[in-house]
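**Q** Shown below is the structure under consideration.
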Amino acid sequence: MKRKGAFLLLMMMITVLLSSCWSKKELTDLAIVSAMGVDKTKGGKYHLTFQIINPGNVAGGIQGGGGSQSPPITIYSASGNNLVDASRRASSRISRRLYYAHANLIVIGERMAREDGINPLIDSLDRDPEFRNTATTVIANHSTAADLVKTLTPVDKIPANKVLKTLEFTQRKWGETVKLTLQQVMKGLQSPGEETVVAGFRLVGNHEKAQKLENLQESAPESTLRASGLAVLRKGKLIDWLYGGTARGTVWILDEIQGTDINIDWAGKKEAIAYQTVRQKTSVSGQMKNGQPRISIHTRVEGDIGEMEVPVDITNPKVIRKIELSLRKEIKKELEKAIKHAQKEKADIFGFGEVIHRSRPNEWKKLKPRWSDVYFSKLNVDVTVEAYVRRAGLRNKSYLSGIKENQK
């Protein structure tokens with residue numbers, strides 16, 4: 001009996017300690033923010049653009065009398081002296097409380113990133129307990145953040161998801177961009193050189209038409225969003241854009257390549273063989289020699305033959321070896337091009353300073369004050385590449401080789 005009474009008393013005490021629903025939030029009182037754009041006005045104020053989800057429209061798409069289609073999102077904007085001020089002022093236009101827990105995209109206007117930098121923005125968002133620092137960060141390329149956030153997109157009803165998926169699949173298939181969270185951007189800007197890269201996104205077409213439903217009713221929308229380059233940030237400010245091979249070489253060195261295609265010349269024809277990467281790994285190490293820092297980069301790539309525009313006997317091991325050597329040369333050229341460009345801009349976007357710091361902490365104390373201006377720009381970087389052909393698709397003998405043999 002005593003044991004039963006003690007058990008009941010314990011249960012009653014635990015019940016008192018339960019927190020219940022003291023912090024409950026009714027769904028009908030929340031404005032769920034999926035993306036937020038940040039610009040700077042000519043008057044120096046922060047201009048916030050909120051992409052808010054219309055739950056009913058996302059699920060159904062067709063609303064009410066006449067069968068007219070309604071947008072899946074609603075846009076609200078407000079300006080203020082700082083981010084908190086602008087966010088508070090937006091409440092006068094919205095009938096619900098702004099809810100940031102599902103905001104998975106931050107878009108920063110190019111003008112703001114170039115002139116004022118993103119450090120104040122990062123500080124504000126990092127302090128907010130509701131805002132997740134796992135949100136993806138992009139910079140509007142030759143555009144404002146408001147234009148990107150307001151754009152309606154086909155296929156993906158919520159435009160924020162369109163941006164996130166585009167970054168993900170572009171990184172996985174092409175390799176000229178990289179999807180970074182707010183936390184990763186913060187880490188890059190806190191590195192010894194205080195430089196990092198952020199994915200760029202561009203609005204292609206008329207920005208006014210991009211905000212109208214008529215744009216989505218066309219089979220080939222005139223206004224669309226697309227991934228565009230890598231933004232180079234130094235001390236939080238935008239200083240340069242990287243495109244093409246320079247951007248891909250940068251992603252190689254950062255070991256963020258998930259997949260890409262390498263084209264090589266063969267038999268006098270430009271880009272005759274397409275090579276698809278399957279696995280790749282890049283490692284970076286640092287040393288000190290005669291008081292000078294040195295960096296070694298080693299990249300190992302495995303992939304498949306995706307296409308051949310000329311007859312090639314890939315059953316011959318010597319031919320495969322020659323293809324692999326050409327691939328190594330092409331990849332090495334991209335990596336070295338990215339390094340030379342970064343050294344010209346004196347922007348250690350690869351984190352070489354952090355590599356030296358980890359491997360030679362005592363020597364790093366002497367290098368740190370003049371790292372970007374002196375040491376990085378003249379840094380000796382040794383690049384080695386291994387590339388291997390593992391498969392050739394569903395056939396070994398080239399279809400073009402068979403045609404050539406029949407013509408003899």
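Within each chain, counting starts at residue 1; across the structure tokens, chains are named A, B, ... in the order shown, with ligands numbered 1 upward in that order.
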Name the residues in contact with Lys322 in chain A at a cut-off of 12 Å, using only C-alpha atoms, excluding same-chain residues fewer than 2 positions from it; report them as a list in words.

**A**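 These residues fall inside the cut-off: Ile264, Asp265, Trp266, Ala267, Val312, Asp313, Ile314, Asn316, Pro317, Lys318, Val319, Ile320, Glu324, Leu325, Ser326, Leu327, Arg328, Lys329, Ala387, Tyr388 and Val389 of chain A.
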
**Q** Neighbours of Val204 in chain A within 12 Å (only C-alpha atoms; same-chain residues fewer than 2 positions away dropped), as a ChimeraX atom specification?

**A** /A:140-143,147-148,151,153,201-202,206-210,221-228

**Q** Go ahead and write the residues just picked, N, CA and C atoms, as a PDB file, in the first residue's frame.

**A**
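Ended up saving to out_8.pdb:
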```
ATOM      1  N   ALA A 140      21.563  38.010 -55.353  1.00  0.00           N
ATOM      2  CA  ALA A 140      20.941  38.333 -56.633  1.00  0.00           C
ATOM      3  C   ALA A 140      22.002  38.861 -57.589  1.00  0.00           C
ATOM      4  N   ASN A 141      22.116  38.218 -58.738  1.00  0.00           N
ATOM      5  CA  ASN A 141      23.119  38.584 -59.744  1.00  0.00           C
ATOM      6  C   ASN A 141      22.508  39.598 -60.707  1.00  0.00           C
ATOM      7  N   HIS A 142      23.046  40.842 -60.683  1.00  0.00           N
ATOM      8  CA  HIS A 142      22.550  41.930 -61.529  1.00  0.00           C
ATOM      9  C   HIS A 142      21.047  42.133 -61.350  1.00  0.00           C
ATOM     10  N   SER A 143      20.606  42.081 -60.107  1.00  0.00           N
ATOM     11  CA  SER A 143      19.191  42.234 -59.816  1.00  0.00           C
ATOM     12  C   SER A 143      19.025  42.602 -58.351  1.00  0.00           C
ATOM     13  N   ASP A 147      13.111  41.448 -56.681  1.00  0.00           N
ATOM     14  CA  ASP A 147      12.707  40.887 -57.969  1.00  0.00           C
ATOM     15  C   ASP A 147      12.730  39.367 -57.954  1.00  0.00           C
ATOM     16  N   LEU A 148      13.743  38.783 -57.305  1.00  0.00           N
ATOM     17  CA  LEU A 148      13.833  37.326 -57.250  1.00  0.00           C
ATOM     18  C   LEU A 148      12.747  36.730 -56.372  1.00  0.00           C
ATOM     19  N   THR A 151       9.188  36.663 -58.006  1.00  0.00           N
ATOM     20  CA  THR A 151       8.995  35.908 -59.243  1.00  0.00           C
ATOM     21  C   THR A 151       8.207  34.615 -59.007  1.00  0.00           C
ATOM     22  N   THR A 153       7.132  30.900 -60.264  1.00  0.00           N
ATOM     23  CA  THR A 153       7.872  29.889 -61.011  1.00  0.00           C
ATOM     24  C   THR A 153       6.976  28.716 -61.404  1.00  0.00           C
ATOM     25  N   PHE A 201      22.088  34.022 -58.129  1.00  0.00           N
ATOM     26  CA  PHE A 201      20.860  33.678 -58.847  1.00  0.00           C
ATOM     27  C   PHE A 201      20.405  34.889 -59.636  1.00  0.00           C
ATOM     28  N   ARG A 202      19.870  34.638 -60.826  1.00  0.00           N
ATOM     29  CA  ARG A 202      19.516  35.743 -61.725  1.00  0.00           C
ATOM     30  C   ARG A 202      18.091  35.592 -62.244  1.00  0.00           C
ATOM     31  N   ASN A 206      11.658  39.879 -68.129  1.00  0.00           N
ATOM     32  CA  ASN A 206      11.037  41.086 -67.576  1.00  0.00           C
ATOM     33  C   ASN A 206      10.606  40.850 -66.134  1.00  0.00           C
ATOM     34  N   HIS A 207      11.095  41.696 -65.206  1.00  0.00           N
ATOM     35  CA  HIS A 207      10.793  41.457 -63.792  1.00  0.00           C
ATOM     36  C   HIS A 207       9.331  41.728 -63.460  1.00  0.00           C
ATOM     37  N   GLU A 208       8.680  42.608 -64.214  1.00  0.00           N
ATOM     38  CA  GLU A 208       7.267  42.888 -63.954  1.00  0.00           C
ATOM     39  C   GLU A 208       6.385  41.728 -64.415  1.00  0.00           C
ATOM     40  N   LYS A 209       6.701  41.165 -65.570  1.00  0.00           N
ATOM     41  CA  LYS A 209       5.920  40.032 -66.073  1.00  0.00           C
ATOM     42  C   LYS A 209       6.156  38.781 -65.234  1.00  0.00           C
ATOM     43  N   ALA A 210       7.347  38.680 -64.626  1.00  0.00           N
ATOM     44  CA  ALA A 210       7.665  37.504 -63.808  1.00  0.00           C
ATOM     45  C   ALA A 210       6.764  37.387 -62.591  1.00  0.00           C
ATOM     46  N   PRO A 221       7.813  30.048 -70.420  1.00  0.00           N
ATOM     47  CA  PRO A 221       7.741  31.346 -69.729  1.00  0.00           C
ATOM     48  C   PRO A 221       8.891  32.265 -70.132  1.00  0.00           C
ATOM     49  N   GLU A 222       8.544  33.530 -70.404  1.00  0.00           N
ATOM     50  CA  GLU A 222       9.562  34.494 -70.814  1.00  0.00           C
ATOM     51  C   GLU A 222      10.474  34.894 -69.662  1.00  0.00           C
ATOM     52  N   SER A 223       9.944  34.884 -68.453  1.00  0.00           N
ATOM     53  CA  SER A 223      10.724  35.299 -67.283  1.00  0.00           C
ATOM     54  C   SER A 223      10.923  34.108 -66.353  1.00  0.00           C
ATOM     55  N   THR A 224      12.177  33.777 -66.084  1.00  0.00           N
ATOM     56  CA  THR A 224      12.495  32.632 -65.225  1.00  0.00           C
ATOM     57  C   THR A 224      13.673  32.964 -64.310  1.00  0.00           C
ATOM     58  N   LEU A 225      13.861  32.110 -63.325  1.00  0.00           N
ATOM     59  CA  LEU A 225      15.006  32.231 -62.418  1.00  0.00           C
ATOM     60  C   LEU A 225      16.035  31.170 -62.791  1.00  0.00           C
ATOM     61  N   ARG A 226      17.320  31.526 -62.719  1.00  0.00           N
ATOM     62  CA  ARG A 226      18.362  30.549 -63.030  1.00  0.00           C
ATOM     63  C   ARG A 226      19.595  30.805 -62.166  1.00  0.00           C
ATOM     64  N   ALA A 227      20.312  29.716 -61.865  1.00  0.00           N
ATOM     65  CA  ALA A 227      21.570  29.837 -61.131  1.00  0.00           C
ATOM     66  C   ALA A 227      22.579  30.551 -62.016  1.00  0.00           C
ATOM     67  N   SER A 228      23.333  31.475 -61.426  1.00  0.00           N
ATOM     68  CA  SER A 228      24.240  32.287 -62.235  1.00  0.00           C
ATOM     69  C   SER A 228      25.471  32.691 -61.437  1.00  0.00           C
TER      70      SER A 228
END
```

**Q** Can you tell me, as a list in words, which residues in range 113-191 of chain A count as strand (DSSP E) by DSSP?

**A**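 Of range 113-191 of chain A, the ones in strand (DSSP E) are Thr136, Thr137, Val138, Ile139 and Ala140 of chain A.
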
**Q** Please save N, CA and C atoms of the selected residues as a compact mmCIF listing (two decimals), in the first residue's frame.

**A**
```
# COMPACT_ATOMS: atom_id res chain seq x y z
N THR A 136 19.33 28.45 -46.81
CA THR A 136 20.25 28.66 -47.93
C THR A 136 20.36 30.14 -48.24
N THR A 137 21.58 30.58 -48.52
CA THR A 137 21.84 31.99 -48.81
C THR A 137 22.30 32.14 -50.26
N VAL A 138 21.68 33.10 -50.99
CA VAL A 138 22.09 33.40 -52.36
C VAL A 138 22.16 34.92 -52.52
N ILE A 139 22.90 35.35 -53.54
CA ILE A 139 23.00 36.77 -53.86
C ILE A 139 22.42 37.00 -55.24
N ALA A 140 21.56 38.01 -55.35
CA ALA A 140 20.94 38.33 -56.63
C ALA A 140 22.00 38.86 -57.59
```

**Q** Excluding same-chain residues fewer than 6 positions from Leu83 in chain A, what lies within 10 Å of it counting only C-alpha atoms, as a PyMOL selection string?

**A** chain A and resi 38+45-48+89+120-121+124-125

**Q** If you run DSSP on the backbone, which residues of range 229-266 of chain A are alpha helix (DSSP H), as an mmCIF file with C-alpha atoms, in the first residue's frame?

**A**
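This is the output file result-v1.cif:
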```cif
data_model
loop_
_atom_site.group_PDB
_atom_site.id
_atom_site.type_symbol
_atom_site.label_atom_id
_atom_site.label_comp_id
_atom_site.auth_asym_id
_atom_site.auth_seq_id
_atom_site.Cartn_x
_atom_site.Cartn_y
_atom_site.Cartn_z
ATOM 1 C CA GLY A 244 32.291 28.994 -66.202
ATOM 2 C CA GLY A 245 35.531 27.094 -65.714
ATOM 3 C CA THR A 246 36.748 29.515 -63.042
ATOM 4 C CA ALA A 247 33.638 28.872 -60.948
ATOM 5 C CA ARG A 248 33.861 25.100 -61.451
ATOM 6 C CA GLY A 249 37.566 25.084 -60.601
ATOM 7 C CA THR A 250 36.732 26.879 -57.376
ATOM 8 C CA VAL A 251 34.084 24.278 -56.486
ATOM 9 C CA TRP A 252 36.620 21.494 -57.277
ATOM 10 C CA ILE A 253 39.128 22.925 -54.798
#
```

**Q** Compile the contact shell of Leu152 in chain A as a compact mmCIF listing (two decimals) with N, CA and C atoms, in the first residue's frame: residues with an atom at most 9 Å away, counting only C-alpha atoms, same-chain residues fewer than 4 positions apart removed.

**A**
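File around08.txt, as written:
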```txt
# COMPACT_ATOMS: atom_id res chain seq x y z
N PRO A 71 -2.35 32.89 -56.97
CA PRO A 71 -0.93 32.58 -56.74
C PRO A 71 -0.73 31.79 -55.45
N PRO A 72 0.26 30.92 -55.41
CA PRO A 72 0.53 30.12 -54.20
C PRO A 72 1.22 30.92 -53.11
N ILE A 73 1.68 32.12 -53.44
CA ILE A 73 2.37 32.95 -52.46
C ILE A 73 1.81 34.37 -52.49
N LEU A 148 13.74 38.78 -57.30
CA LEU A 148 13.83 37.33 -57.25
C LEU A 148 12.75 36.73 -56.37
N LYS A 157 5.60 25.21 -57.26
CA LYS A 157 4.66 26.28 -56.95
C LYS A 157 5.24 27.33 -56.02
N ILE A 158 6.05 26.89 -55.05
CA ILE A 158 6.68 27.83 -54.13
C ILE A 158 8.03 28.24 -54.72
N PRO A 159 8.22 29.50 -55.08
CA PRO A 159 9.48 29.92 -55.73
C PRO A 159 10.73 29.61 -54.92
N ALA A 210 7.35 38.68 -64.63
CA ALA A 210 7.67 37.50 -63.81
C ALA A 210 6.76 37.39 -62.59
N GLN A 211 6.12 38.47 -62.19
CA GLN A 211 5.28 38.47 -61.00
C GLN A 211 3.82 38.17 -61.30
N LYS A 212 3.49 37.99 -62.59
CA LYS A 212 2.10 37.78 -62.99
C LYS A 212 1.82 36.33 -63.35
N LEU A 213 0.58 35.91 -63.08
CA LEU A 213 0.20 34.53 -63.37
C LEU A 213 0.23 34.21 -64.86
N ASN A 215 2.49 34.72 -66.88
CA ASN A 215 3.80 34.17 -67.23
C ASN A 215 3.85 32.66 -67.07
N LEU A 216 3.07 32.13 -66.10
CA LEU A 216 3.06 30.69 -65.84
C LEU A 216 2.14 29.94 -66.79
N SER A 223 9.94 34.88 -68.45
CA SER A 223 10.72 35.30 -67.28
C SER A 223 10.92 34.11 -66.35
N THR A 224 12.18 33.78 -66.08
CA THR A 224 12.50 32.63 -65.23
C THR A 224 13.67 32.96 -64.31
```

**Q** Env of range 177-187 of chain A: 10 Å cut, atoms = only C-alpha atoms, seq-sep filter 6 positions within chain, self excluded. Answer as a PDB file with N, CA and C atoms, in the first residue's frame.

**A**
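What follows is the written file selection26.pdb:
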```
ATOM      1  N   ASN A 104      13.494  28.996 -45.613  1.00  0.00           N
ATOM      2  CA  ASN A 104      14.664  28.216 -46.014  1.00  0.00           C
ATOM      3  C   ASN A 104      15.489  28.892 -47.107  1.00  0.00           C
ATOM      4  N   LEU A 105      15.221  30.172 -47.366  1.00  0.00           N
ATOM      5  CA  LEU A 105      15.971  30.893 -48.394  1.00  0.00           C
ATOM      6  C   LEU A 105      16.126  32.362 -48.020  1.00  0.00           C
ATOM      7  N   ILE A 106      17.367  32.850 -48.105  1.00  0.00           N
ATOM      8  CA  ILE A 106      17.668  34.268 -47.911  1.00  0.00           C
ATOM      9  C   ILE A 106      18.282  34.790 -49.198  1.00  0.00           C
ATOM     10  N   ILE A 118      27.206  42.080 -46.058  1.00  0.00           N
ATOM     11  CA  ILE A 118      26.144  41.259 -45.470  1.00  0.00           C
ATOM     12  C   ILE A 118      26.363  40.976 -43.990  1.00  0.00           C
ATOM     13  N   ASN A 119      27.439  41.504 -43.402  1.00  0.00           N
ATOM     14  CA  ASN A 119      27.727  41.202 -41.996  1.00  0.00           C
ATOM     15  C   ASN A 119      26.626  41.642 -41.039  1.00  0.00           C
ATOM     16  N   ILE A 122      23.780  39.136 -41.291  1.00  0.00           N
ATOM     17  CA  ILE A 122      24.095  37.856 -40.661  1.00  0.00           C
ATOM     18  C   ILE A 122      23.969  37.955 -39.147  1.00  0.00           C
ATOM     19  N   ASP A 123      24.456  39.041 -38.583  1.00  0.00           N
ATOM     20  CA  ASP A 123      24.384  39.216 -37.131  1.00  0.00           C
ATOM     21  C   ASP A 123      22.940  39.218 -36.659  1.00  0.00           C
ATOM     22  N   LEU A 125      20.188  37.922 -38.162  1.00  0.00           N
ATOM     23  CA  LEU A 125      19.528  36.633 -38.341  1.00  0.00           C
ATOM     24  C   LEU A 125      20.059  35.588 -37.368  1.00  0.00           C
ATOM     25  N   ASP A 126      21.341  35.657 -37.064  1.00  0.00           N
ATOM     26  CA  ASP A 126      21.939  34.687 -36.153  1.00  0.00           C
ATOM     27  C   ASP A 126      21.453  34.878 -34.726  1.00  0.00           C
ATOM     28  N   ARG A 132      16.265  29.921 -38.643  1.00  0.00           N
ATOM     29  CA  ARG A 132      17.232  28.821 -38.715  1.00  0.00           C
ATOM     30  C   ARG A 132      18.455  29.231 -39.523  1.00  0.00           C
ATOM     31  N   ASN A 133      19.635  28.984 -38.965  1.00  0.00           N
ATOM     32  CA  ASN A 133      20.851  29.324 -39.708  1.00  0.00           C
ATOM     33  C   ASN A 133      21.204  28.266 -40.751  1.00  0.00           C
ATOM     34  N   THR A 134      20.297  27.302 -40.933  1.00  0.00           N
ATOM     35  CA  THR A 134      20.466  26.316 -42.013  1.00  0.00           C
ATOM     36  C   THR A 134      19.792  26.788 -43.306  1.00  0.00           C
ATOM     37  N   ALA A 135      19.214  27.986 -43.300  1.00  0.00           N
ATOM     38  CA  ALA A 135      18.591  28.524 -44.503  1.00  0.00           C
ATOM     39  C   ALA A 135      19.649  28.775 -45.574  1.00  0.00           C
ATOM     40  N   THR A 136      19.330  28.446 -46.809  1.00  0.00           N
ATOM     41  CA  THR A 136      20.254  28.657 -47.926  1.00  0.00           C
ATOM     42  C   THR A 136      20.359  30.143 -48.241  1.00  0.00           C
ATOM     43  N   THR A 137      21.581  30.582 -48.523  1.00  0.00           N
ATOM     44  CA  THR A 137      21.839  31.995 -48.814  1.00  0.00           C
ATOM     45  C   THR A 137      22.296  32.144 -50.255  1.00  0.00           C
ATOM     46  N   VAL A 138      21.680  33.099 -50.991  1.00  0.00           N
ATOM     47  CA  VAL A 138      22.092  33.402 -52.363  1.00  0.00           C
ATOM     48  C   VAL A 138      22.160  34.916 -52.522  1.00  0.00           C
ATOM     49  N   LEU A 164      16.039  26.475 -54.384  1.00  0.00           N
ATOM     50  CA  LEU A 164      16.784  25.458 -53.641  1.00  0.00           C
ATOM     51  C   LEU A 164      17.055  24.222 -54.493  1.00  0.00           C
ATOM     52  N   LYS A 165      16.046  23.756 -55.215  1.00  0.00           N
ATOM     53  CA  LYS A 165      16.217  22.565 -56.046  1.00  0.00           C
ATOM     54  C   LYS A 165      17.149  22.830 -57.220  1.00  0.00           C
ATOM     55  N   THR A 166      17.062  24.028 -57.797  1.00  0.00           N
ATOM     56  CA  THR A 166      17.953  24.373 -58.900  1.00  0.00           C
ATOM     57  C   THR A 166      19.406  24.354 -58.444  1.00  0.00           C
ATOM     58  N   LEU A 167      19.673  24.939 -57.277  1.00  0.00           N
ATOM     59  CA  LEU A 167      21.033  24.927 -56.736  1.00  0.00           C
ATOM     60  C   LEU A 167      21.505  23.502 -56.487  1.00  0.00           C
ATOM     61  N   GLU A 168      20.632  22.697 -55.918  1.00  0.00           N
ATOM     62  CA  GLU A 168      20.992  21.317 -55.584  1.00  0.00           C
ATOM     63  C   GLU A 168      21.341  20.511 -56.823  1.00  0.00           C
ATOM     64  N   PHE A 169      20.489  20.569 -57.844  1.00  0.00           N
ATOM     65  CA  PHE A 169      20.721  19.751 -59.037  1.00  0.00           C
ATOM     66  C   PHE A 169      21.806  20.337 -59.934  1.00  0.00           C
ATOM     67  N   THR A 170      21.984  21.658 -59.916  1.00  0.00           N
ATOM     68  CA  THR A 170      23.083  22.257 -60.671  1.00  0.00           C
ATOM     69  C   THR A 170      24.417  21.833 -60.078  1.00  0.00           C
ATOM     70  N   GLN A 171      24.495  21.814 -58.754  1.00  0.00           N
ATOM     71  CA  GLN A 171      25.726  21.370 -58.102  1.00  0.00           C
ATOM     72  C   GLN A 171      25.970  19.884 -58.355  1.00  0.00           C
ATOM     73  N   GLU A 194      38.968  35.866 -44.204  1.00  0.00           N
ATOM     74  CA  GLU A 194      37.654  36.510 -44.183  1.00  0.00           C
ATOM     75  C   GLU A 194      37.049  36.612 -45.583  1.00  0.00           C
ATOM     76  N   GLU A 195      37.275  35.578 -46.396  1.00  0.00           N
ATOM     77  CA  GLU A 195      36.711  35.542 -47.740  1.00  0.00           C
ATOM     78  C   GLU A 195      35.974  34.230 -47.954  1.00  0.00           C
ATOM     79  N   THR A 196      34.939  34.282 -48.775  1.00  0.00           N
ATOM     80  CA  THR A 196      34.173  33.083 -49.078  1.00  0.00           C
ATOM     81  C   THR A 196      33.413  33.297 -50.376  1.00  0.00           C
ATOM     82  N   VAL A 197      32.713  32.265 -50.825  1.00  0.00           N
ATOM     83  CA  VAL A 197      31.878  32.372 -52.025  1.00  0.00           C
ATOM     84  C   VAL A 197      30.432  32.055 -51.651  1.00  0.00           C
ATOM     85  N   VAL A 198      29.500  32.656 -52.408  1.00  0.00           N
ATOM     86  CA  VAL A 198      28.071  32.428 -52.219  1.00  0.00           C
ATOM     87  C   VAL A 198      27.454  32.271 -53.600  1.00  0.00           C
ATOM     88  N   ALA A 199      26.496  31.366 -53.728  1.00  0.00           N
ATOM     89  CA  ALA A 199      25.845  31.134 -55.015  1.00  0.00           C
ATOM     90  C   ALA A 199      25.093  32.374 -55.477  1.00  0.00           C
ATOM     91  N   GLY A 200      25.110  32.601 -56.790  1.00  0.00           N
ATOM     92  CA  GLY A 200      24.359  33.699 -57.377  1.00  0.00           C
ATOM     93  C   GLY A 200      23.129  33.187 -58.098  1.00  0.00           C
ATOM     94  N   PHE A 201      22.088  34.022 -58.129  1.00  0.00           N
ATOM     95  CA  PHE A 201      20.860  33.678 -58.847  1.00  0.00           C
ATOM     96  C   PHE A 201      20.405  34.889 -59.636  1.00  0.00           C
ATOM     97  N   ALA A 227      20.312  29.716 -61.865  1.00  0.00           N
ATOM     98  CA  ALA A 227      21.570  29.837 -61.131  1.00  0.00           C
ATOM     99  C   ALA A 227      22.579  30.551 -62.016  1.00  0.00           C
ATOM    100  N   SER A 228      23.333  31.475 -61.426  1.00  0.00           N
ATOM    101  CA  SER A 228      24.240  32.287 -62.235  1.00  0.00           C
ATOM    102  C   SER A 228      25.471  32.691 -61.437  1.00  0.00           C
ATOM    103  N   GLY A 229      26.525  31.919 -61.565  1.00  0.00           N
ATOM    104  CA  GLY A 229      27.817  32.292 -61.030  1.00  0.00           C
ATOM    105  C   GLY A 229      27.990  32.140 -59.529  1.00  0.00           C
ATOM    106  N   LEU A 230      29.202  32.468 -59.101  1.00  0.00           N
ATOM    107  CA  LEU A 230      29.554  32.471 -57.680  1.00  0.00           C
ATOM    108  C   LEU A 230      29.986  33.877 -57.286  1.00  0.00           C
ATOM    109  N   ALA A 231      29.421  34.369 -56.199  1.00  0.00           N
ATOM    110  CA  ALA A 231      29.793  35.687 -55.690  1.00  0.00           C
ATOM    111  C   ALA A 231      30.972  35.539 -54.737  1.00  0.00           C
ATOM    112  N   LEU A 233      33.045  37.090 -51.728  1.00  0.00           N
ATOM    113  CA  LEU A 233      32.877  38.043 -50.636  1.00  0.00           C
ATOM    114  C   LEU A 233      34.182  38.199 -49.871  1.00  0.00           C
ATOM    115  N   GLY A 236      32.713  40.338 -45.921  1.00  0.00           N
ATOM    116  CA  GLY A 236      31.269  40.508 -46.024  1.00  0.00           C
ATOM    117  C   GLY A 236      30.796  41.270 -47.239  1.00  0.00           C
ATOM    118  N   LEU A 242      32.326  34.914 -60.297  1.00  0.00           N
ATOM    119  CA  LEU A 242      33.028  33.844 -60.997  1.00  0.00           C
ATOM    120  C   LEU A 242      32.038  33.081 -61.870  1.00  0.00           C
ATOM    121  N   TYR A 243      32.475  32.767 -63.106  1.00  0.00           N
ATOM    122  CA  TYR A 243      31.616  32.043 -64.036  1.00  0.00           C
ATOM    123  C   TYR A 243      32.412  30.923 -64.712  1.00  0.00           C
ATOM    124  N   GLY A 244      31.688  30.010 -65.355  1.00  0.00           N
ATOM    125  CA  GLY A 244      32.291  28.994 -66.202  1.00  0.00           C
ATOM    126  C   GLY A 244      33.340  28.142 -65.515  1.00  0.00           C
ATOM    127  N   ALA A 247      34.564  29.233 -62.037  1.00  0.00           N
ATOM    128  CA  ALA A 247      33.638  28.872 -60.948  1.00  0.00           C
ATOM    129  C   ALA A 247      33.742  27.381 -60.641  1.00  0.00           C
ATOM    130  N   ARG A 248      33.788  26.544 -61.686  1.00  0.00           N
ATOM    131  CA  ARG A 248      33.861  25.100 -61.451  1.00  0.00           C
ATOM    132  C   ARG A 248      35.190  24.716 -60.816  1.00  0.00           C
ATOM    133  N   THR A 250      36.855  26.492 -58.786  1.00  0.00           N
ATOM    134  CA  THR A 250      36.732  26.879 -57.376  1.00  0.00           C
ATOM    135  C   THR A 250      35.975  25.814 -56.587  1.00  0.00           C
ATOM    136  N   VAL A 251      34.886  25.316 -57.167  1.00  0.00           N
ATOM    137  CA  VAL A 251      34.084  24.278 -56.486  1.00  0.00           C
ATOM    138  C   VAL A 251      34.889  22.991 -56.358  1.00  0.00           C
ATOM    139  N   LEU A 254      37.202  23.408 -53.391  1.00  0.00           N
ATOM    140  CA  LEU A 254      36.434  23.390 -52.152  1.00  0.00           C
ATOM    141  C   LEU A 254      35.894  21.997 -51.833  1.00  0.00           C
ATOM    142  N   GLU A 256      33.446  20.459 -53.263  1.00  0.00           N
ATOM    143  CA  GLU A 256      31.987  20.500 -53.260  1.00  0.00           C
ATOM    144  C   GLU A 256      31.401  19.984 -54.577  1.00  0.00           C
ATOM    145  N   ILE A 257      32.262  19.499 -55.472  1.00  0.00           N
ATOM    146  CA  ILE A 257      31.773  18.936 -56.739  1.00  0.00           C
ATOM    147  C   ILE A 257      31.059  17.616 -56.446  1.00  0.00           C
ATOM    148  N   GLN A 258      29.802  17.521 -56.873  1.00  0.00           N
ATOM    149  CA  GLN A 258      29.055  16.277 -56.722  1.00  0.00           C
ATOM    150  C   GLN A 258      28.907  15.545 -58.051  1.00  0.00           C
TER     151      GLN A 258
END
```

**Q** Pick from A:His298, A:Lys289, A:Lys150, A:Lys344: nearest to Ala35 in chain A, with only C-alpha atoms counted?

**A**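 Smallest separation from Ala35 in chain A among the options: A:Lys150.
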
**Q** Rounded to one decimal place, report the CA of Asn57 in chain A-CA of Pro129 in chain A distance in Å.

**A**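 CA of Pro129 in chain A lies 29.0 Å from CA of Asn57 in chain A.
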